[in-house]
Amino acid sequence: MDISTDVLVIGSGAAGLTLALKLAPHCRVALISKGKLAAGATKWAQGGIAAVLAADDTVESHIADTLDAGAGLCDEETVRFVVERSKAAIDRLIASGVPFSREEEFEEGFGYHLTREGGHSHRRVIHVADATGKALQKTLEQQAREAPNIEIFEHHMAVDLMTRRHLANGADQDGCFGAYVLDMAAGKVRRFQAKATVLATGGASRVYLYSSNPDTATGDGIALAWRAGCRVANLEFNQFHPTCLYHPKTKTFLITEAMRGEGAILRLPDGEAFMKRFDARAELAPRDIVARAIDHEMKRLGLDCVYLDITHRDADFIVGHFPNIYRRLMKVGIDITTDRIPVVPAAHYTCGGVVTDLAGRTDLAGLYAIGEVTHTGLHGANRMASNSLLECLVFGDAAADDVLAKRNSLADPPEARPWDESRVTDSDEEVVVSHNWAELRRFMWDYVGIVRTNKRLERARHRVDLLMAEVQDYYGHFRVTGDLLELRNLLTVADLIVRSAMSRHESRGLHYTLDYPEPAADAKDTVLGAG
Ligand code: FAD
Ligand code: SIN
């Protein structure tokens with residue numbers, strides 16, 4: 001069955017839900033997610049949401065910290081736009097019932113506990129203990145499920161955007177008119193036609209072997225927008241979170257930066273607190289600096305991991321602030337009140353993405369992008385901790401405003417051709433997909449990781465080219481599956497990352513290369529496409 005709606009929202013994390021909820025009283029929304037609604041990164045967020053809330057904090061200070069973390073590449077207008085809207089975004093969440101942690105002993109004033117993370121010169125991260133994303137996702141999701149105008153499609157995966165080349169009857173019109181969507185239960189691709197389409201598909205960190213991200217983070221929105229002719233920017237800036245649990249018996253699990261904000265110390269196996277050797281801010285330096293320092297020490301000493309130590313704090317304080325991490329690590333025999341935590345960096349956040357303006361508009365008429373899938377100019381060369389959920393909330397709201405302002409003039413989309421399966425058959429060798437997926441993620445980790453060189457990037461490019469040719473051939477012959485679509489998208493994103501990294505002849509923020517170890521005199525975005 002094909003679907004026709006006013007607004008198609010692809011993705012149901014903080015960004016997609018914020019937008020859908022604001023639109024719902026005014027128009028029909030189809031909200032799709034390739035998994036359950038909570039399948040994205042939002043549910044996993046730990047530390048919290050950065051906002052100017054404390055009496056002694058200022059918008060100017062939050063802006064200055066963001067610009068500093070971004071290593072000269074943030075767009076100051078965007079940073080101001082987001083930070084100025086931070087308090088209103090949090091007020092909306094409080095009003096909608098997100099149970100933020102309270103200050104234990106407050107008498108008057110704001111009343112919520114604010115934690116601290118890397119790069120922030122103030123306590124400004126509002127949170128729900130150490131599971132902020134879970135509470136946020138639950139609150140927004142419940143409201144979306146109750147909203148009569150939001151039609152929800154779980155396990156529906158966008159395959160490609162509908163653009164001019166897909167139109168039926170020789171129609172000739174530029175723009176985005178919805179998407180082809182794989183109904184994963186039925187194995188059928190359907191047309192979702194819409195007056196406006198919004199990409200809220202999250203990031204691409206699963207392009208790396210080790211990642212803090214859920215399986216959904218395969219860069220689909222970036223690849224969809226790229227294939228539809230949109231510009232993408234700054235994809236070489238892949239953020240590695242410094243502290244993910246290193247344990248053979250468990251999947252990668254994040255240990256929040258807020259733990260360092262509350263005093264945890266990074267140590268070598270002999271107990272040395274090494275971060276001061278790298279930056280005066282020590283454990284609270286921006287993430288790129290901390291992750292690189294850990295990588296350096298691990299390589300220098302041949303270590304499997306370093307250690308995060310919060311044992312000097314009172315046990316009640318530790319369990320009170322980090323109850324989920326405490327419980328989770330207890331299951332693998334680590335008591336964080338008495339034991340050091342073995343940690344390593346892992347791919348965490350995609351700073352670049354689809355280029356948008358301040359209303360979330362992309363290069364293609366009728367197509368918006370919001371959240372981690374975007375490049376808005378907020379993060380520059382390195383995202384400051386807890387600025388990403390804030391970006392989802394602010395741009396979800398701003399893009400909804402833009403859609404609403406235009407809604408009376410939005411035309412019905414021209415008809416697109418049905419999905420053509422006449423020349424494909426069921427796959428005869430699923431192993432091609434699983435093998436290529438593993439190979440891609442391994443060489444991206446080895447060659448396009450925390451420290452890069454021209455030679456490593458060249459090797460990666462060669463392998464991406466080979467895999468792309470193979471997967472394109474496969475795509476042309478076999479019926480699409482979720483795995484095949486994700487692999488195809490990951491390869492597109494890997495290609496864009498490698499090309500962006502090769503074109504940056506300097507080290508800046510998250511892009512560090514031994515061939516050009518210094519920053520260039522002037523900071524420029526890497527923009528690919530449209531010309
Ligand atoms: P997501 O929440 O990732 O949602 C993406 C959605 O798109 C999902 O519903 C997915 O199913 C859907 N989707 C993807 N592709 C398709 C497709 N082809 N078709 C249909 N649907 C699709 N940030 C902070 O600010 N503070 C934190 O404390 C914090 N902690 C974090 C901890 C962890 C472990 C992780 C992984 C991230 C953390 N981040 C944090 C980053 C932050 O969580 C993400 O940047 C943010 O949640 C992204 O939200 P989003 O709405 O853009 O995308
Ligand atoms: C964390 O809690 O350390 C993650 C915060 C973020 O990615 O912004």
# chains A, B, ... in the order shown; residues from 1 in each chain; ligands from 1

$ closest_atom_pairs --of "chain A" --to "ligand 1" --cutoff "7 Å" --atoms "only C-alpha atoms and all ligand atoms" --output "CSV"
residue,atom,partner,partner_atom_place_in_ligand_line,distance
A:Ile10,CA,ligand 1,21 (N),5.1
A:Gly11,CA,ligand 1,7 (O),3.2
A:Ser12,CA,ligand 1,9 (O),3.7
A:Gly13,CA,ligand 1,2 (O),3.5
A:Ala14,CA,ligand 1,51 (O),4.0
A:Ala15,CA,ligand 1,51 (O),3.8
A:Gly16,CA,ligand 1,51 (O),5.5
A:Ile32,CA,ligand 1,20 (C),5.4
A:Ser33,CA,ligand 1,21 (N),3.6
A:Lys34,CA,ligand 1,21 (N),4.0
A:Gly35,CA,ligand 1,11 (O),4.8
A:Lys36,CA,ligand 1,11 (O),6.7
A:Leu37,CA,ligand 1,9 (O),5.3
A:Ala38,CA,ligand 1,9 (O),6.1
A:Ala39,CA,ligand 1,11 (O),5.0
A:Gly40,CA,ligand 1,3 (O),3.7
A:Ala41,CA,ligand 1,3 (O),3.7
A:Thr42,CA,ligand 1,47 (O),3.2
A:Lys43,CA,ligand 1,2 (O),6.8
A:Trp44,CA,ligand 1,34 (C),4.6
A:Ala45,CA,ligand 1,30 (N),3.2
A:Gln46,CA,ligand 1,28 (O),4.1
A:Gly47,CA,ligand 1,28 (O),3.4
A:Gly48,CA,ligand 1,28 (O),4.0
A:Ile49,CA,ligand 1,25 (O),5.1
A:Ala50,CA,ligand 1,25 (O),6.9
A:Thr132,CA,ligand 1,28 (O),6.6
A:Gly133,CA,ligand 1,43 (O),6.7
A:His156,CA,ligand 1,20 (C),5.7
A:Met157,CA,ligand 1,19 (N),3.5
A:Ala158,CA,ligand 1,19 (N),3.9
A:Val159,CA,ligand 1,18 (N),6.1
A:Ala200,CA,ligand 1,52 (O),5.3
A:Thr201,CA,ligand 1,7 (O),3.3
A:Gly202,CA,ligand 1,53 (O),3.4
A:Gly203,CA,ligand 1,3 (O),6.2
A:Ser212,CA,ligand 1,36 (C),5.0
A:Asn213,CA,ligand 1,36 (C),3.9
A:Pro214,CA,ligand 1,36 (C),6.4
A:Thr216,CA,ligand 1,10 (C),5.5
A:Ala217,CA,ligand 1,3 (O),6.3
A:Thr218,CA,ligand 1,15 (N),6.9
A:Gly219,CA,ligand 1,15 (N),6.9
A:Asp220,CA,ligand 1,18 (N),4.9
A:Gly221,CA,ligand 1,15 (N),6.2
A:Phe253,CA,ligand 1,34 (C),6.9
A:Leu254,CA,ligand 1,34 (C),5.3
A:His348,CA,ligand 1,36 (C),5.9
A:Tyr349,CA,ligand 1,45 (O),6.4
A:Ile370,CA,ligand 1,52 (O),6.5
A:Gly371,CA,ligand 1,52 (O),3.5
A:Glu372,CA,ligand 1,52 (O),4.0
A:Val373,CA,ligand 1,52 (O),6.0
A:Ala385,CA,ligand 1,25 (O),6.2
A:Ser386,CA,ligand 1,25 (O),3.1
A:Asn387,CA,ligand 1,25 (O),4.7
A:Ser388,CA,ligand 1,25 (O),3.8
A:Leu389,CA,ligand 1,25 (O),3.7
A:Leu390,CA,ligand 1,25 (O),6.0
A:Cys392,CA,ligand 1,52 (O),5.9

$ select_by_dssp --residues "segment 301-414 of chain A" --states "alpha helix (DSSP H)" --output "PyMOL selection string"
chain A and resi 301+315-321+323-330+387-406

$ closest_residue --among "A:Arg383, A:Lys138, A:Arg102, A:Arg85" --to "ligand 2" --atoms "only C-alpha atoms and all ligand atoms"
A:Arg383

$ closest_residue --among "A:Ala144, A:Ala400, A:Val471, A:Val480" --to "Arg423 of chain A" --atoms "only C-alpha atoms"
A:Val480

$ residues_around --residues "Trp437 of chain A" --least-positions-apart "2" --cutoff "10 Å" --atoms "only C-alpha atoms" --output "MDAnalysis selection string"
chainID A and resid 207 209 431:435 439:442 467 483:484 486:488 490:491

$ atom_distance --atom1 "atom CA of Gly482 of chain A" --atom2 "atom CA of Met184 of chain A"
7.2 Å

$ residues_around --residues "Leu358 of chain A" --least-positions-apart "6" --cutoff "8 Å" --atoms "only C-alpha atoms" --output "number ranges by chain"
A: 78, 81, 376, 395, 398

$ closest_residue --among "A:Ala185, A:Ala521, A:Ala131, A:Ala399" --to "ligand 2" --atoms "only C-alpha atoms and all ligand atoms"
A:Ala131

$ atom_distance --atom1 "atom CA of Glu77 of chain A" --atom2 "atom CA of Asp363 of chain A"
19.1 Å

$ closest_residue --among "A:Gly119, A:Gly353, A:Gly187, A:Pro519" --to "ligand 2" --atoms "only C-alpha atoms and all ligand atoms"
A:Gly119

$ closest_residue --among "A:Gln142, A:Ser503, A:Thr115, A:Thr311" --to "Asp130 of chain A" --atoms "only C-alpha atoms"
A:Thr115

$ residues_around --residues "Arg191 of chain A" --least-positions-apart "5" --cutoff "10 Å" --atoms "only C-alpha atoms" --output "CSV table (one decimal) with all heavy atoms, in the first residue's frame"
chain,number,residue,atom,x,y,z
A,1,MET,N,0.8,-1.2,0.0
A,1,MET,CA,0.0,0.0,0.0
A,1,MET,C,0.9,1.3,0.0
A,1,MET,O,1.8,1.4,0.8
A,1,MET,CB,-0.9,0.0,1.3
A,1,MET,CG,-1.9,1.1,1.3
A,1,MET,SD,-2.7,1.1,2.9
A,1,MET,CE,-1.3,1.3,4.1
A,2,ASP,N,0.6,2.2,-0.9
A,2,ASP,CA,1.4,3.4,-0.9
A,2,ASP,C,0.7,4.4,0.1
A,2,ASP,O,-0.4,4.3,0.4
A,2,ASP,CB,1.4,4.0,-2.3
A,2,ASP,CG,2.2,3.1,-3.3
A,2,ASP,OD1,3.2,2.5,-2.8
A,2,ASP,OD2,1.8,3.0,-4.5
A,3,ILE,N,1.5,5.4,0.5
A,3,ILE,CA,1.1,6.4,1.5
A,3,ILE,C,1.2,7.8,0.9
A,3,ILE,O,2.1,8.1,0.2
A,3,ILE,CB,2.0,6.3,2.7
A,3,ILE,CG1,1.9,4.9,3.4
A,3,ILE,CG2,1.6,7.4,3.7
A,3,ILE,CD1,0.6,4.6,4.1
A,4,SER,N,0.2,8.6,1.2
A,4,SER,CA,0.2,10.0,0.8
A,4,SER,C,0.0,10.8,2.1
A,4,SER,O,-1.0,10.5,2.8
A,4,SER,CB,-0.8,10.2,-0.3
A,4,SER,OG,-0.8,11.6,-0.5
A,158,ALA,N,13.7,4.0,4.8
A,158,ALA,CA,13.8,4.8,3.5
A,158,ALA,C,14.9,4.2,2.6
A,158,ALA,O,16.1,4.0,3.1
A,158,ALA,CB,14.1,6.2,3.9
A,161,LEU,N,15.3,8.9,-1.8
A,161,LEU,CA,14.3,10.0,-1.8
A,161,LEU,C,13.7,10.1,-3.2
A,161,LEU,O,14.4,9.7,-4.2
A,161,LEU,CB,15.0,11.4,-1.5
A,161,LEU,CG,15.6,11.5,-0.1
A,161,LEU,CD1,16.5,12.7,0.0
A,161,LEU,CD2,14.4,11.5,0.9
A,162,MET,N,12.5,10.5,-3.3
A,162,MET,CA,11.8,10.7,-4.7
A,162,MET,C,12.2,12.1,-5.2
A,162,MET,O,11.8,13.1,-4.5
A,162,MET,CB,10.3,10.6,-4.5
A,162,MET,CG,9.8,9.2,-4.3
A,162,MET,SD,8.1,9.3,-3.9
A,162,MET,CE,7.7,7.6,-3.8
A,177,PHE,N,9.9,14.7,-3.2
A,177,PHE,CA,8.4,14.5,-3.2
A,177,PHE,C,8.1,13.3,-2.3
A,177,PHE,O,7.0,12.7,-2.4
A,177,PHE,CB,7.9,14.2,-4.6
A,177,PHE,CG,8.4,15.2,-5.6
A,177,PHE,CD1,9.3,14.9,-6.6
A,177,PHE,CD2,8.0,16.6,-5.5
A,177,PHE,CE1,9.8,15.9,-7.4
A,177,PHE,CE2,8.5,17.5,-6.4
A,177,PHE,CZ,9.4,17.2,-7.3
A,178,GLY,N,9.0,12.9,-1.4
A,178,GLY,CA,8.7,11.8,-0.5
A,178,GLY,C,9.9,10.8,-0.6
A,178,GLY,O,11.0,11.2,-1.0
A,179,ALA,N,9.6,9.6,-0.3
A,179,ALA,CA,10.7,8.6,-0.4
A,179,ALA,C,10.1,7.2,-0.8
A,179,ALA,O,8.9,6.9,-0.5
A,179,ALA,CB,11.4,8.5,1.0
A,180,TYR,N,11.0,6.4,-1.3
A,180,TYR,CA,10.7,4.9,-1.5
A,180,TYR,C,11.1,4.3,-0.2
A,180,TYR,O,12.2,4.5,0.4
A,180,TYR,CB,11.5,4.3,-2.6
A,180,TYR,CG,11.1,4.8,-4.0
A,180,TYR,CD1,11.8,5.8,-4.7
A,180,TYR,CD2,9.9,4.3,-4.6
A,180,TYR,CE1,11.4,6.2,-5.9
A,180,TYR,CE2,9.5,4.8,-5.8
A,180,TYR,CZ,10.3,5.7,-6.5
A,180,TYR,OH,9.9,6.1,-7.7
A,181,VAL,N,10.2,3.5,0.4
A,181,VAL,CA,10.4,3.0,1.7
A,181,VAL,C,10.2,1.4,1.7
A,181,VAL,O,9.2,0.9,1.2
A,181,VAL,CB,9.4,3.6,2.7
A,181,VAL,CG1,9.5,3.0,4.1
A,181,VAL,CG2,9.6,5.1,2.8
A,182,LEU,N,11.2,0.8,2.3
A,182,LEU,CA,11.1,-0.7,2.4
A,182,LEU,C,10.3,-1.1,3.7
A,182,LEU,O,10.7,-0.8,4.8
A,182,LEU,CB,12.5,-1.3,2.5
A,182,LEU,CG,12.6,-2.8,2.8
A,182,LEU,CD1,12.0,-3.6,1.6
A,182,LEU,CD2,14.1,-3.2,3.0
A,415,GLU,N,3.1,12.7,-9.1
A,415,GLU,CA,3.2,11.2,-8.9
A,415,GLU,C,4.5,10.6,-9.3
A,415,GLU,O,5.1,11.0,-10.3
A,415,GLU,CB,2.1,10.5,-9.8
A,415,GLU,CG,1.9,9.1,-9.3
A,415,GLU,CD,1.1,8.3,-10.3
A,415,GLU,OE1,0.3,8.9,-11.1
A,415,GLU,OE2,1.2,7.0,-10.3
A,416,ALA,N,5.1,9.8,-8.4
A,416,ALA,CA,6.3,9.1,-8.7
A,416,ALA,C,6.1,7.7,-9.3
A,416,ALA,O,5.0,7.1,-9.0
A,416,ALA,CB,7.2,9.0,-7.5
A,417,ARG,N,7.0,7.2,-10.0
A,417,ARG,CA,6.8,5.8,-10.6
A,417,ARG,C,6.9,4.8,-9.4
A,417,ARG,O,7.6,5.0,-8.4
A,417,ARG,CB,8.0,5.5,-11.5
A,417,ARG,CG,7.9,6.3,-12.8
A,417,ARG,CD,8.9,5.6,-13.8
A,417,ARG,NE,10.3,5.6,-13.3
A,417,ARG,CZ,11.2,6.5,-13.4
A,417,ARG,NH1,10.9,7.7,-14.0
A,417,ARG,NH2,12.4,6.4,-12.9
A,418,PRO,N,6.2,3.7,-9.6
A,418,PRO,CA,6.3,2.6,-8.5
A,418,PRO,C,7.7,2.1,-8.6
A,418,PRO,O,8.4,2.2,-9.6
A,418,PRO,CB,5.3,1.6,-9.0
A,418,PRO,CG,4.6,2.1,-10.1
A,418,PRO,CD,5.3,3.3,-10.6
A,419,TRP,N,8.1,1.4,-7.5
A,419,TRP,CA,9.4,0.8,-7.4
A,419,TRP,C,9.5,-0.4,-8.4
A,419,TRP,O,8.5,-1.2,-8.5
A,419,TRP,CB,9.6,0.3,-5.9
A,419,TRP,CG,11.0,-0.3,-5.6
A,419,TRP,CD1,11.3,-1.6,-5.5
A,419,TRP,CD2,12.2,0.5,-5.4
A,419,TRP,NE1,12.6,-1.7,-5.2
A,419,TRP,CE2,13.2,-0.5,-5.2
A,419,TRP,CE3,12.5,1.8,-5.5
A,419,TRP,CZ2,14.5,-0.1,-4.9
A,419,TRP,CZ3,13.8,2.2,-5.2
A,419,TRP,CH2,14.8,1.3,-5.0

$ residues_around --residues "segment 276-288 of chain A" --least-positions-apart "4" --cutoff "10 Å" --atoms "only C-alpha atoms" --output "compact mmCIF listing (two decimals) with N, CA, C and O atoms, in the first residue's frame"
# COMPACT_ATOMS: atom_id res chain seq x y z
N ASP A 65 32.61 28.70 24.59
CA ASP A 65 33.10 27.32 24.80
C ASP A 65 32.87 26.47 23.55
O ASP A 65 33.72 25.67 23.16
N THR A 66 31.70 26.65 22.92
CA THR A 66 31.39 25.87 21.70
C THR A 66 32.36 26.23 20.58
O THR A 66 32.88 25.35 19.88
N ASP A 68 35.35 27.42 20.92
CA ASP A 68 36.68 26.94 21.28
C ASP A 68 36.81 25.44 20.98
O ASP A 68 37.78 24.99 20.35
N ALA A 69 35.81 24.66 21.40
CA ALA A 69 35.84 23.21 21.12
C ALA A 69 35.85 22.96 19.62
O ALA A 69 36.52 22.05 19.13
N GLY A 70 35.15 23.79 18.86
CA GLY A 70 35.02 23.59 17.41
C GLY A 70 36.26 23.95 16.61
O GLY A 70 36.26 23.83 15.38
N ALA A 71 37.31 24.41 17.29
CA ALA A 71 38.64 24.63 16.69
C ALA A 71 38.60 25.52 15.44
O ALA A 71 39.23 25.23 14.43
N ARG A 116 28.81 18.75 34.62
CA ARG A 116 29.82 19.39 33.80
C ARG A 116 30.44 18.36 32.87
O ARG A 116 30.56 17.20 33.23
N GLU A 117 30.82 18.80 31.67
CA GLU A 117 31.50 17.89 30.74
C GLU A 117 32.62 18.64 30.05
O GLU A 117 32.77 19.85 30.22
N GLY A 118 33.40 17.90 29.24
CA GLY A 118 34.58 18.46 28.59
C GLY A 118 34.27 19.70 27.77
O GLY A 118 33.27 19.75 27.06
N GLY A 119 35.13 20.72 27.89
CA GLY A 119 35.00 21.93 27.08
C GLY A 119 34.10 22.98 27.70
O GLY A 119 34.17 24.15 27.35
N HIS A 120 33.24 22.59 28.65
CA HIS A 120 32.32 23.56 29.26
C HIS A 120 33.01 24.26 30.42
O HIS A 120 33.53 23.60 31.33
N SER A 121 32.96 25.59 30.43
CA SER A 121 33.59 26.31 31.53
C SER A 121 32.62 26.48 32.71
O SER A 121 32.99 27.03 33.73
N PHE A 237 35.26 14.99 10.13
CA PHE A 237 35.31 15.19 11.58
C PHE A 237 34.45 14.15 12.29
O PHE A 237 33.27 14.37 12.58
N ASN A 238 35.04 12.99 12.53
CA ASN A 238 34.35 11.89 13.22
C ASN A 238 34.81 11.91 14.67
O ASN A 238 36.00 11.78 14.95
N GLN A 239 33.85 12.06 15.56
CA GLN A 239 34.24 12.18 16.97
C GLN A 239 34.36 10.81 17.63
O GLN A 239 33.44 9.99 17.55
N PHE A 240 35.49 10.60 18.30
CA PHE A 240 35.72 9.37 19.06
C PHE A 240 35.52 9.71 20.53
O PHE A 240 36.19 10.62 21.04
N HIS A 241 34.59 9.02 21.18
CA HIS A 241 34.39 9.29 22.61
C HIS A 241 35.56 8.65 23.36
O HIS A 241 35.87 7.48 23.13
N PRO A 242 36.18 9.39 24.29
CA PRO A 242 37.38 8.85 24.93
C PRO A 242 37.14 7.63 25.81
O PRO A 242 38.02 6.79 25.95
N THR A 243 35.95 7.54 26.41
CA THR A 243 35.81 6.51 27.44
C THR A 243 34.64 5.55 27.19
O THR A 243 33.54 5.76 27.66
N GLU A 257 30.98 11.17 29.97
CA GLU A 257 31.95 12.22 30.26
C GLU A 257 31.61 12.95 31.57
O GLU A 257 32.46 13.54 32.22
N ALA A 258 30.33 12.89 31.95
CA ALA A 258 29.90 13.53 33.20
C ALA A 258 30.64 12.90 34.39
O ALA A 258 30.80 13.54 35.43
N MET A 259 31.12 11.67 34.23
CA MET A 259 31.88 11.07 35.32
C MET A 259 33.20 11.83 35.52
O MET A 259 33.63 12.09 36.64
N ARG A 260 33.82 12.20 34.38
CA ARG A 260 35.01 13.06 34.51
C ARG A 260 34.61 14.43 35.03
O ARG A 260 35.34 15.06 35.80
N GLY A 261 33.42 14.89 34.63
CA GLY A 261 32.92 16.18 35.12
C GLY A 261 32.75 16.17 36.63
O GLY A 261 32.86 17.19 37.30
N GLY A 263 34.72 14.45 38.60
CA GLY A 263 36.01 14.21 39.25
C GLY A 263 36.77 12.96 38.84
O GLY A 263 37.89 12.74 39.34
N ALA A 264 36.22 12.10 37.97
CA ALA A 264 36.95 10.87 37.61
C ALA A 264 38.25 11.21 36.89
O ALA A 264 38.33 12.18 36.13
N ILE A 265 39.26 10.38 37.14
CA ILE A 265 40.62 10.65 36.62
C ILE A 265 41.03 9.53 35.67
O ILE A 265 40.74 8.35 35.92
N LEU A 266 41.69 9.91 34.58
CA LEU A 266 42.21 8.91 33.64
C LEU A 266 43.61 8.50 34.09
O LEU A 266 44.48 9.36 34.30
N ARG A 292 42.73 11.64 21.68
CA ARG A 292 44.05 11.52 21.05
C ARG A 292 45.13 11.20 22.09
O ARG A 292 46.04 10.42 21.85
N ALA A 293 44.99 11.79 23.28
CA ALA A 293 45.96 11.51 24.34
C ALA A 293 45.90 10.03 24.73
O ALA A 293 46.94 9.37 24.90
N ILE A 294 44.69 9.49 24.85
CA ILE A 294 44.56 8.07 25.21
C ILE A 294 45.16 7.20 24.10
O ILE A 294 45.94 6.26 24.37
N LEU A 308 39.69 4.56 33.99
CA LEU A 308 38.96 5.71 34.52
C LEU A 308 38.67 5.41 35.99
O LEU A 308 38.13 4.35 36.32
N PRO A 345 38.84 4.59 23.49
CA PRO A 345 37.99 5.44 22.65
C PRO A 345 37.20 4.60 21.63
O PRO A 345 37.64 3.53 21.23
N ALA A 381 34.89 21.69 13.99
CA ALA A 381 35.79 20.55 13.84
C ALA A 381 35.71 19.58 15.02
O ALA A 381 36.40 18.56 15.03
N ASN A 382 34.89 19.90 16.01
CA ASN A 382 34.76 19.02 17.16
C ASN A 382 33.54 19.43 17.99
O ASN A 382 33.50 20.54 18.51
N ARG A 383 32.57 18.54 18.10
CA ARG A 383 31.35 18.88 18.86
C ARG A 383 31.64 18.93 20.35
O ARG A 383 32.29 18.03 20.90
N MET A 384 31.14 19.95 21.00
CA MET A 384 31.26 19.99 22.45
C MET A 384 30.20 19.08 23.07
O MET A 384 29.07 18.98 22.57
N ALA A 385 30.58 18.44 24.17
CA ALA A 385 29.71 17.46 24.81
C ALA A 385 28.32 18.04 25.07
O ALA A 385 28.18 19.19 25.49
N ILE A 450 41.60 7.83 14.58
CA ILE A 450 41.96 9.01 15.38
C ILE A 450 43.19 9.70 14.80
O ILE A 450 43.28 10.92 14.78
N ARG A 508 43.18 19.66 12.43
CA ARG A 508 42.28 20.59 13.12
C ARG A 508 41.20 19.76 13.81
O ARG A 508 40.61 18.85 13.21
N GLY A 509 40.97 20.06 15.09
CA GLY A 509 39.90 19.36 15.80
C GLY A 509 40.06 17.86 15.69
O GLY A 509 41.11 17.29 16.00
N LEU A 510 39.00 17.21 15.22
CA LEU A 510 38.99 15.74 15.18
C LEU A 510 39.78 15.15 14.02
O LEU A 510 39.95 13.94 13.95
N HIS A 511 40.19 15.99 13.08
CA HIS A 511 40.98 15.47 11.96
C HIS A 511 42.46 15.71 12.25
O HIS A 511 42.94 16.83 12.19
N TYR A 512 43.17 14.62 12.57
CA TYR A 512 44.59 14.73 12.89
C TYR A 512 45.38 13.85 11.94
O TYR A 512 45.12 12.65 11.83

$ atom_distance --atom1 "atom CA of Val9 of chain A" --atom2 "atom CA of Ala95 of chain A"
23.8 Å

$ closest_residue --among "A:Asp75, A:Asp174, A:Glu458, A:Asp335" --to "Leu364 of chain A" --atoms "only C-alpha atoms"
A:Asp174

$ residues_around --residues "Leu457 of chain A" --least-positions-apart "4" --cutoff "9 Å" --atoms "only C-alpha atoms" --output "list of chain:residue names"
A:Tyr447, A:Val448, A:Arg452, A:Thr453, A:Arg461, A:His462, A:Val498, A:Arg499, A:Ala501, A:Met502
